[in-house]
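Heads up, structure11.cif below (mmCIF, C-alpha atoms and all ligand atoms):
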```cif
data_protein
#
loop_
_atom_site.label_atom_id
_atom_site.label_comp_id
_atom_site.auth_asym_id
_atom_site.auth_seq_id
_atom_site.Cartn_x
_atom_site.Cartn_y
_atom_site.Cartn_z
CA MET A 9 8.07 5.10 -37.61
CA THR A 10 7.95 1.85 -35.67
CA GLY A 11 5.16 0.12 -37.61
CA PHE A 12 3.45 -0.84 -34.36
CA SER A 13 0.79 1.18 -32.61
CA LEU A 14 -1.97 0.70 -30.07
CA ASP A 15 -5.50 2.09 -30.16
CA ARG A 16 -7.33 3.35 -27.12
CA SER A 17 -9.59 0.28 -27.30
CA ASP A 18 -6.55 -1.98 -26.86
CA ILE A 19 -5.71 -0.77 -23.34
CA ALA A 20 -7.35 -1.42 -19.97
CA GLY A 21 -6.25 0.27 -16.73
CA VAL A 22 -5.72 -1.23 -13.28
CA VAL A 23 -4.96 0.58 -10.02
CA LEU A 24 -2.58 -1.42 -7.84
CA ALA A 25 -3.86 -1.29 -4.28
CA GLY A 26 -3.14 -4.79 -3.04
CA GLY A 27 -0.25 -4.00 -0.71
CA ARG A 28 -0.21 -4.03 3.07
CA SER A 29 0.18 -0.24 3.61
CA GLN A 30 2.36 -1.02 6.60
CA ARG A 31 4.23 2.28 6.64
CA MET A 32 0.95 4.21 6.51
CA GLY A 33 -0.63 2.05 9.18
CA ARG A 34 -3.99 1.90 7.37
CA ASP A 35 -5.18 1.08 3.87
CA LYS A 36 -3.64 3.72 1.58
CA ALA A 37 -6.58 3.44 -0.84
CA GLU A 38 -8.88 4.86 1.82
CA VAL A 39 -6.63 7.65 3.08
CA THR A 40 -8.13 11.09 2.39
CA LEU A 41 -6.18 13.68 0.37
CA GLY A 42 -8.01 16.99 0.15
CA THR A 43 -11.63 15.88 0.16
CA GLU A 44 -11.33 12.53 -1.63
CA SER A 45 -9.74 9.15 -1.02
CA LEU A 46 -6.46 8.33 -2.73
CA LEU A 47 -8.28 5.62 -4.66
CA HIS A 48 -10.77 8.20 -5.92
CA HIS A 49 -7.98 10.56 -7.05
CA VAL A 50 -6.13 7.84 -8.91
CA LEU A 51 -9.25 6.32 -10.51
CA ALA A 52 -10.35 9.74 -11.72
CA ARG A 53 -6.97 10.36 -13.35
CA LEU A 54 -6.74 6.89 -14.88
CA SER A 55 -10.30 6.70 -16.20
CA GLN A 56 -9.65 9.74 -18.40
CA GLN A 57 -6.90 7.77 -20.16
CA VAL A 58 -8.32 4.26 -20.77
CA ILE A 59 -11.55 2.56 -21.84
CA SER A 60 -12.02 0.61 -18.60
CA VAL A 61 -10.63 0.69 -15.07
CA ALA A 62 -10.44 -1.82 -12.24
CA VAL A 63 -8.72 -2.05 -8.86
CA ASN A 64 -6.32 -4.77 -7.78
CA ALA A 65 -7.11 -5.22 -4.08
CA ASP A 66 -8.93 -7.56 -1.76
CA ALA A 67 -11.84 -5.09 -1.56
CA ALA A 68 -12.49 -1.53 -2.72
CA THR A 69 -15.04 1.11 -1.87
CA GLU A 70 -15.43 2.78 -5.28
CA HIS A 71 -17.83 1.30 -7.82
CA VAL A 72 -15.34 -0.41 -10.10
CA PRO A 73 -14.42 -4.06 -10.65
CA VAL A 74 -12.14 -5.46 -7.94
CA ILE A 75 -9.46 -7.95 -8.93
CA PRO A 76 -7.81 -9.87 -6.08
CA ASP A 77 -4.34 -11.37 -6.52
CA ARG A 78 -4.41 -14.81 -8.15
CA PHE A 79 -0.95 -15.69 -6.94
CA PRO A 80 -1.17 -16.35 -3.19
CA GLY A 81 0.69 -14.87 -0.24
CA LYS A 82 0.92 -11.10 -0.86
CA ALA A 83 3.77 -11.72 -3.26
CA GLY A 84 4.37 -8.04 -4.03
CA PRO A 85 3.48 -5.65 -6.87
CA MET A 86 4.19 -8.21 -9.62
CA ALA A 87 1.38 -10.38 -8.18
CA GLY A 88 -0.94 -7.42 -8.67
CA ILE A 89 0.33 -6.89 -12.22
CA HIS A 90 -0.23 -10.61 -12.89
CA ALA A 91 -3.87 -10.31 -11.73
CA ALA A 92 -4.21 -7.18 -13.89
CA MET A 93 -2.91 -8.99 -17.00
CA ILE A 94 -5.30 -11.91 -16.58
CA TYR A 95 -8.25 -9.60 -15.97
CA ALA A 96 -7.43 -7.46 -19.01
CA ALA A 97 -6.91 -10.51 -21.23
CA GLY A 98 -10.56 -11.37 -20.65
CA LEU A 99 -11.84 -8.02 -21.93
CA PRO A 100 -12.89 -7.80 -25.59
CA SER A 101 -10.30 -6.14 -27.85
CA VAL A 102 -7.81 -5.53 -25.03
CA THR A 103 -4.17 -6.51 -25.66
CA HIS A 104 -2.41 -4.37 -23.04
CA VAL A 105 -2.93 -3.26 -19.46
CA VAL A 106 -1.57 -0.12 -17.88
CA THR A 107 -0.89 -0.22 -14.14
CA VAL A 108 -0.68 2.68 -11.70
CA SER A 109 -0.14 2.74 -7.96
CA VAL A 110 -2.91 3.89 -5.62
CA ASP A 111 -0.48 5.95 -3.57
CA CYS A 112 0.56 8.23 -6.44
CA PRO A 113 -2.21 10.81 -7.00
CA PHE A 114 -0.34 13.23 -9.29
CA PHE A 115 0.79 10.82 -12.03
CA PRO A 116 0.91 12.34 -15.55
CA THR A 117 -2.35 12.96 -17.39
CA ASP A 118 -0.55 11.81 -20.56
CA LEU A 119 0.86 8.64 -18.98
CA VAL A 120 -0.98 6.17 -21.22
CA ALA A 121 -0.56 8.22 -24.39
CA ARG A 122 3.18 8.50 -23.94
CA LEU A 123 3.77 4.90 -22.81
CA SER A 124 1.77 3.53 -25.73
CA ALA A 125 3.49 5.81 -28.23
CA ALA A 126 6.85 4.43 -27.10
CA LEU A 127 6.07 0.77 -27.83
CA GLU A 128 7.92 -0.64 -30.82
CA HIS A 129 6.50 -4.18 -30.96
CA PRO A 130 3.68 -6.24 -29.40
CA LEU A 131 5.80 -7.91 -26.71
CA GLN A 132 7.59 -4.84 -25.42
CA ILE A 133 6.88 -3.34 -21.97
CA ALA A 134 6.89 0.44 -21.46
CA ILE A 135 7.85 1.79 -18.04
CA ALA A 136 7.66 5.36 -16.70
CA ALA A 137 10.62 7.32 -15.33
CA SER A 138 11.30 10.75 -13.88
CA GLU A 139 14.42 12.49 -12.62
CA GLY A 140 16.55 9.61 -13.86
CA ARG A 141 14.65 6.99 -11.84
CA SER A 142 12.28 4.40 -13.23
CA HIS A 143 8.86 3.74 -11.70
CA PRO A 144 8.24 0.19 -12.83
CA VAL A 145 4.78 -0.22 -11.30
CA PHE A 146 3.75 2.50 -13.78
CA GLY A 147 3.89 0.28 -16.82
CA LEU A 148 2.13 -0.70 -20.00
CA TRP A 149 2.17 -4.48 -20.23
CA PRO A 150 1.20 -6.92 -23.01
CA VAL A 151 -1.38 -9.24 -21.46
CA THR A 152 0.30 -12.18 -23.22
CA LEU A 153 3.10 -11.96 -20.63
CA ALA A 154 0.79 -13.38 -17.93
CA ALA A 155 2.04 -16.96 -18.34
CA ASP A 156 5.71 -15.97 -18.14
CA LEU A 157 4.98 -13.79 -15.12
CA GLU A 158 3.19 -16.65 -13.38
CA THR A 159 6.19 -18.92 -13.94
CA TRP A 160 8.56 -16.26 -12.65
CA LEU A 161 6.44 -15.56 -9.54
CA ALA A 162 6.66 -19.24 -8.70
CA ILE A 163 10.46 -19.51 -9.04
CA ASP A 164 11.90 -16.10 -8.15
CA GLU A 165 12.54 -15.68 -4.44
CA LYS A 166 12.66 -11.88 -4.21
CA ARG A 167 10.04 -11.09 -6.86
CA ARG A 168 11.43 -7.65 -7.50
CA VAL A 169 9.74 -5.80 -10.35
CA ARG A 170 13.13 -4.82 -11.77
CA ASP A 171 14.20 -8.46 -11.95
CA PHE A 172 11.11 -9.41 -13.94
CA LEU A 173 11.85 -6.61 -16.39
CA LEU A 174 15.30 -8.11 -17.08
CA ARG A 175 13.52 -11.03 -18.78
CA HIS A 176 11.89 -8.77 -21.37
CA ASP A 177 12.42 -5.97 -23.82
CA VAL A 178 11.60 -2.76 -21.97
CA THR A 179 11.40 0.82 -23.15
CA GLN A 180 11.62 3.57 -20.57
CA VAL A 181 9.69 6.83 -20.98
CA ALA A 182 10.94 9.91 -19.11
CA PHE A 183 8.30 12.34 -17.83
CA PRO A 184 9.11 15.95 -16.91
CA LEU A 185 8.60 17.58 -13.53
CA HIS A 186 5.32 19.45 -13.22
CA PRO A 187 5.33 23.20 -12.53
CA THR A 188 3.25 24.29 -9.52
CA ARG A 189 2.84 27.53 -7.59
CA ALA A 190 5.44 26.28 -5.11
CA SER A 191 8.13 24.42 -7.04
CA LEU A 192 8.53 21.55 -9.48
CA LEU A 193 6.55 18.44 -8.58
CA ASP A 194 7.72 14.97 -9.51
CA PRO A 195 4.48 13.52 -10.93
CA PHE A 196 5.44 10.15 -9.45
CA PHE A 197 5.64 11.50 -5.91
CA ASN A 198 4.18 8.68 -3.85
CA ILE A 199 2.65 8.49 -0.43
CA ASN A 200 4.00 5.79 1.85
CA THR A 201 3.86 7.36 5.33
CA PRO A 202 1.69 9.83 7.27
CA ASP A 203 4.45 12.44 6.68
CA ASP A 204 4.23 11.86 2.92
CA LEU A 205 0.49 12.51 3.17
CA ILE A 206 1.15 15.89 4.78
CA GLU A 207 3.55 16.71 1.94
CA ALA A 208 0.94 15.59 -0.62
CA GLU A 209 -1.59 18.02 0.91
CA ARG A 210 0.94 20.81 0.30
CA TRP A 211 1.38 19.73 -3.32
CA LEU A 212 -2.38 19.58 -3.81
CA GLU A 213 -2.62 23.16 -2.57
CA ALA A 214 0.28 24.24 -4.80
CA LEU A 215 -1.47 22.71 -7.82
CA ARG A 216 -4.61 24.78 -7.26
CA ALA A 217 -4.68 27.67 -9.73
N1 LIG B 1 -1.42 -7.08 -5.44
C1 LIG B 1 -0.41 -6.71 -4.66
N2 LIG B 1 0.03 -5.43 -4.73
C2 LIG B 1 1.03 -5.08 -3.90
C3 LIG B 1 1.63 -5.98 -3.00
N3 LIG B 1 2.59 -5.31 -2.31
C4 LIG B 1 2.59 -4.05 -2.77
N4 LIG B 1 1.65 -3.90 -3.74
C5 LIG B 1 1.33 -2.68 -4.49
O1 LIG B 1 2.51 -2.22 -5.11
C6 LIG B 1 2.58 -0.81 -5.06
C7 LIG B 1 3.88 -0.37 -4.41
O2 LIG B 1 3.96 -0.94 -3.11
P1 LIG B 1 4.26 -0.10 -1.79
O3 LIG B 1 4.44 1.33 -2.07
O4 LIG B 1 5.35 -0.81 -1.04
O5 LIG B 1 2.86 -0.25 -0.98
P2 LIG B 1 2.52 -1.21 0.21
O6 LIG B 1 3.28 -2.49 0.06
O7 LIG B 1 1.03 -1.27 0.31
O8 LIG B 1 3.05 -0.39 1.47
P3 LIG B 1 4.08 -0.86 2.61
O9 LIG B 1 3.37 -2.00 3.32
O10 LIG B 1 4.26 0.34 3.47
O11 LIG B 1 5.32 -1.30 1.87
C8 LIG B 1 1.33 -0.35 -4.32
O12 LIG B 1 0.39 0.04 -5.30
C9 LIG B 1 0.87 -1.59 -3.57
O13 LIG B 1 -0.57 -1.62 -3.42
C10 LIG B 1 1.14 -7.34 -2.97
O14 LIG B 1 1.60 -8.21 -2.23
N5 LIG B 1 0.12 -7.64 -3.83
MG MG B 2 5.47 -2.50 0.08
#
```
Write the structure described by the file as structure tokens, please.
Amino acid sequence: MTGFSLDRSDIAGVVLAGGRSQRMGRDKAEVTLGTESLLHHVLARLSQQVISVAVNADAATEHVPVIPDRFPGKAGPMAGIHAAMIYAAGLPSVTHVVTVSVDCPFFPTDLVARLSAALEHPLQIAIAASEGRSHPVFGLWPVTLAADLETWLAIDEKRRVRDFLLRHDVTQVAFPLHPTRASLLDPFFNINTPDDLIEAERWLEALRA
């Protein structure tokens, strides 16, 4: 018993799609996997887990709210998480925002349930992990951290997600590999390059019953 728990109505979801997609060579949100865009895959998976979803990007093709970065200059994933916190803070009843990356179509269907169950107090951050590695853009963040994050974005030169986490109490939640017809899939497999996209097509096939 931790004495602290979140309800479903406390949590909004934001897909992080504000990067440059340089290794892919075109906007990863719009890349097709199977028959749908990566953004569509990730929104479908996230919208089953939260009361509202939005996309952090300059523009998006799906019919969901679009939240551009508030901190200028493509300052990295934490700038997207900052925009997500401010957006979520404006929603009625919402105290936390969960972030997922647009290039990760197989993330766990129990991501939000398990991250929220791990939180021990209102200011803690929960971060996903698999195979001994953390995936800090897959996080559940108190929206009240927006002001601290804004300060940090302005003073930290490298703006690495891991460095921001050092300022706060963080709990890490390990997720298992996912059995498929081929072999075990890391649910946080992410697509950065055209070769990764080919591998993702193989995983999609292996996941079909
Ligand atoms: N809002 C915002 N999100 C970013 C930024 N840079 C990366 N991201 C997001 O952070 C997540 C992880 O980033 P990467 O996997 O490096 O994606 P990327 O930066 O678009 O791709 P590369 O240009 O190939 O590095 C993705 O969901 C990106 O959309 C940024 O400057 N602003
Ligand atoms: Mg990048």
What do you get as a PyMOL selection string if you pick all residues at most 6 Å from ligand LIG 1 (chain B), counting only C-alpha atoms and all ligand atoms?
-> chain A and resi 24-32+64+77+82-85+87-88+109-110+200
Find, counting only C-alpha atoms, the residue in A:Ala91, A:Gly33, A:His71, A:Gly98 that gets nearest to A:Glu158.
-> A:Ala91
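Of the listed residues A:Asp171, A:Glu213, A:Glu38, A:Asp111, the one whose atoms come nearest to ligand MG 2 (chain B) is A:Asp111, with distances taken using all atoms listed in the file.
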When distances are computed from only C-alpha atoms and all ligand atoms, which of A:Ser13, A:Thr69, A:Gln57, A:Asn198 shows the smallest separation from ligand MG 2 (chain B)?
->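 Smallest separation from ligand MG 2 (chain B) among the options: A:Asn198.
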Would you mind telling me which residue in A:Thr152, A:Asp18, A:Val39, A:Arg78 lies nearest to A:Ala208 when using all atoms listed in the file?
->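 Smallest distance to A:Ala208 is found for A:Val39.
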Kindly indicate which residue among A:Leu148, A:Ile135, A:Ile59, A:Leu54 lies nearest to A:Phe115, using all atoms listed in the file for the distances.
->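 Going through A:Leu148, A:Ile135, A:Ile59, A:Leu54 one by one, the smallest distance to A:Phe115 is for A:Leu54.
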Any idea what's packed within 12 Å of A:Ile19, counting all atoms listed in the file, ignoring anything in its chain fewer than 4 positions away? Could you give it as a PyMOL selection string?
-> chain A and resi 13-15+54-55+57-61+92-93+95-107+120-121+123-124+147-151
Computed interatomic separation between atom CA of A:Val22 and atom CA of A:Pro113 (Å) |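 Atom-to-atom, atom CA of A:Val22 and atom CA of A:Pro113 are spaced 14.0 Å apart.
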Could you check how far atom CA of A:His176 sits from atom CA of A:Arg141, in Å to one decimal?
->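 If I compute the distance from atom CA of A:His176 to atom CA of A:Arg141, I get 18.6 Å.
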Between atom CA of A:His49 and atom CA of A:Val108, what is the distance, to one decimal in Å?
->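 Going from atom CA of A:His49 over to atom CA of A:Val108, I get 11.7 Å.
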Kindly output stretch 86-107 of chain A as an mmCIF file, in the coordinates of the input, after building N, CA and C atoms.
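Saved result, out27.cif, follows:
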```
data_model
loop_
_atom_site.group_PDB
_atom_site.id
_atom_site.type_symbol
_atom_site.label_atom_id
_atom_site.label_comp_id
_atom_site.auth_asym_id
_atom_site.auth_seq_id
_atom_site.Cartn_x
_atom_site.Cartn_y
_atom_site.Cartn_z
ATOM 1 N N MET A 86 4.316 -7.399 -8.393
ATOM 2 C CA MET A 86 4.190 -8.210 -9.620
ATOM 3 C C MET A 86 3.002 -9.169 -9.535
ATOM 4 N N ALA A 87 2.591 -9.545 -8.322
ATOM 5 C CA ALA A 87 1.380 -10.380 -8.180
ATOM 6 C C ALA A 87 0.150 -9.571 -8.585
ATOM 7 N N GLY A 88 0.166 -8.285 -8.255
ATOM 8 C CA GLY A 88 -0.940 -7.420 -8.670
ATOM 9 C C GLY A 88 -0.941 -7.220 -10.176
ATOM 10 N N ILE A 89 0.231 -7.081 -10.762
ATOM 11 C CA ILE A 89 0.330 -6.890 -12.220
ATOM 12 C C ILE A 89 -0.101 -8.184 -12.933
ATOM 13 N N HIS A 90 0.216 -9.316 -12.347
ATOM 14 C CA HIS A 90 -0.230 -10.610 -12.890
ATOM 15 C C HIS A 90 -1.764 -10.671 -12.902
ATOM 16 N N ALA A 91 -2.398 -10.316 -11.790
ATOM 17 C CA ALA A 91 -3.870 -10.310 -11.730
ATOM 18 C C ALA A 91 -4.434 -9.337 -12.766
ATOM 19 N N ALA A 92 -3.748 -8.200 -12.923
ATOM 20 C CA ALA A 92 -4.210 -7.180 -13.890
ATOM 21 C C ALA A 92 -4.138 -7.724 -15.317
ATOM 22 N N MET A 93 -3.050 -8.425 -15.640
ATOM 23 C CA MET A 93 -2.910 -8.990 -17.000
ATOM 24 C C MET A 93 -4.014 -9.991 -17.296
ATOM 25 N N ILE A 94 -4.292 -10.867 -16.336
ATOM 26 C CA ILE A 94 -5.300 -11.910 -16.580
ATOM 27 C C ILE A 94 -6.681 -11.279 -16.715
ATOM 28 N N TYR A 95 -6.955 -10.316 -15.876
ATOM 29 C CA TYR A 95 -8.250 -9.600 -15.970
ATOM 30 C C TYR A 95 -8.388 -8.944 -17.354
ATOM 31 N N ALA A 96 -7.353 -8.211 -17.756
ATOM 32 C CA ALA A 96 -7.430 -7.460 -19.010
ATOM 33 C C ALA A 96 -7.533 -8.395 -20.216
ATOM 34 N N ALA A 97 -6.870 -9.549 -20.116
ATOM 35 C CA ALA A 97 -6.910 -10.510 -21.230
ATOM 36 C C ALA A 97 -8.325 -10.995 -21.500
ATOM 37 N N GLY A 98 -9.180 -10.927 -20.490
ATOM 38 C CA GLY A 98 -10.560 -11.370 -20.650
ATOM 39 C C GLY A 98 -11.496 -10.312 -21.197
ATOM 40 N N LEU A 99 -10.992 -9.104 -21.413
ATOM 41 C CA LEU A 99 -11.840 -8.020 -21.930
ATOM 42 C C LEU A 99 -11.770 -8.012 -23.458
ATOM 43 N N PRO A 100 -12.917 -7.804 -24.123
ATOM 44 C CA PRO A 100 -12.890 -7.800 -25.590
ATOM 45 C C PRO A 100 -11.964 -6.717 -26.126
ATOM 46 N N SER A 101 -11.193 -7.037 -27.102
ATOM 47 C CA SER A 101 -10.300 -6.140 -27.850
ATOM 48 C C SER A 101 -9.026 -5.731 -27.101
ATOM 49 N N VAL A 102 -8.947 -6.042 -25.804
ATOM 50 C CA VAL A 102 -7.810 -5.530 -25.030
ATOM 51 C C VAL A 102 -6.575 -6.415 -25.205
ATOM 52 N N THR A 103 -5.444 -5.786 -25.526
ATOM 53 C CA THR A 103 -4.170 -6.510 -25.660
ATOM 54 C C THR A 103 -3.141 -6.082 -24.618
ATOM 55 N N HIS A 104 -3.378 -4.922 -23.991
ATOM 56 C CA HIS A 104 -2.410 -4.370 -23.040
ATOM 57 C C HIS A 104 -3.119 -3.845 -21.796
ATOM 58 N N VAL A 105 -2.378 -3.856 -20.688
ATOM 59 C CA VAL A 105 -2.930 -3.260 -19.460
ATOM 60 C C VAL A 105 -1.916 -2.264 -18.907
ATOM 61 N N VAL A 106 -2.423 -1.105 -18.516
ATOM 62 C CA VAL A 106 -1.570 -0.120 -17.880
ATOM 63 C C VAL A 106 -1.815 -0.196 -16.372
ATOM 64 N N THR A 107 -0.743 -0.174 -15.596
ATOM 65 C CA THR A 107 -0.890 -0.220 -14.140
ATOM 66 C C THR A 107 -0.363 1.064 -13.518
#
```
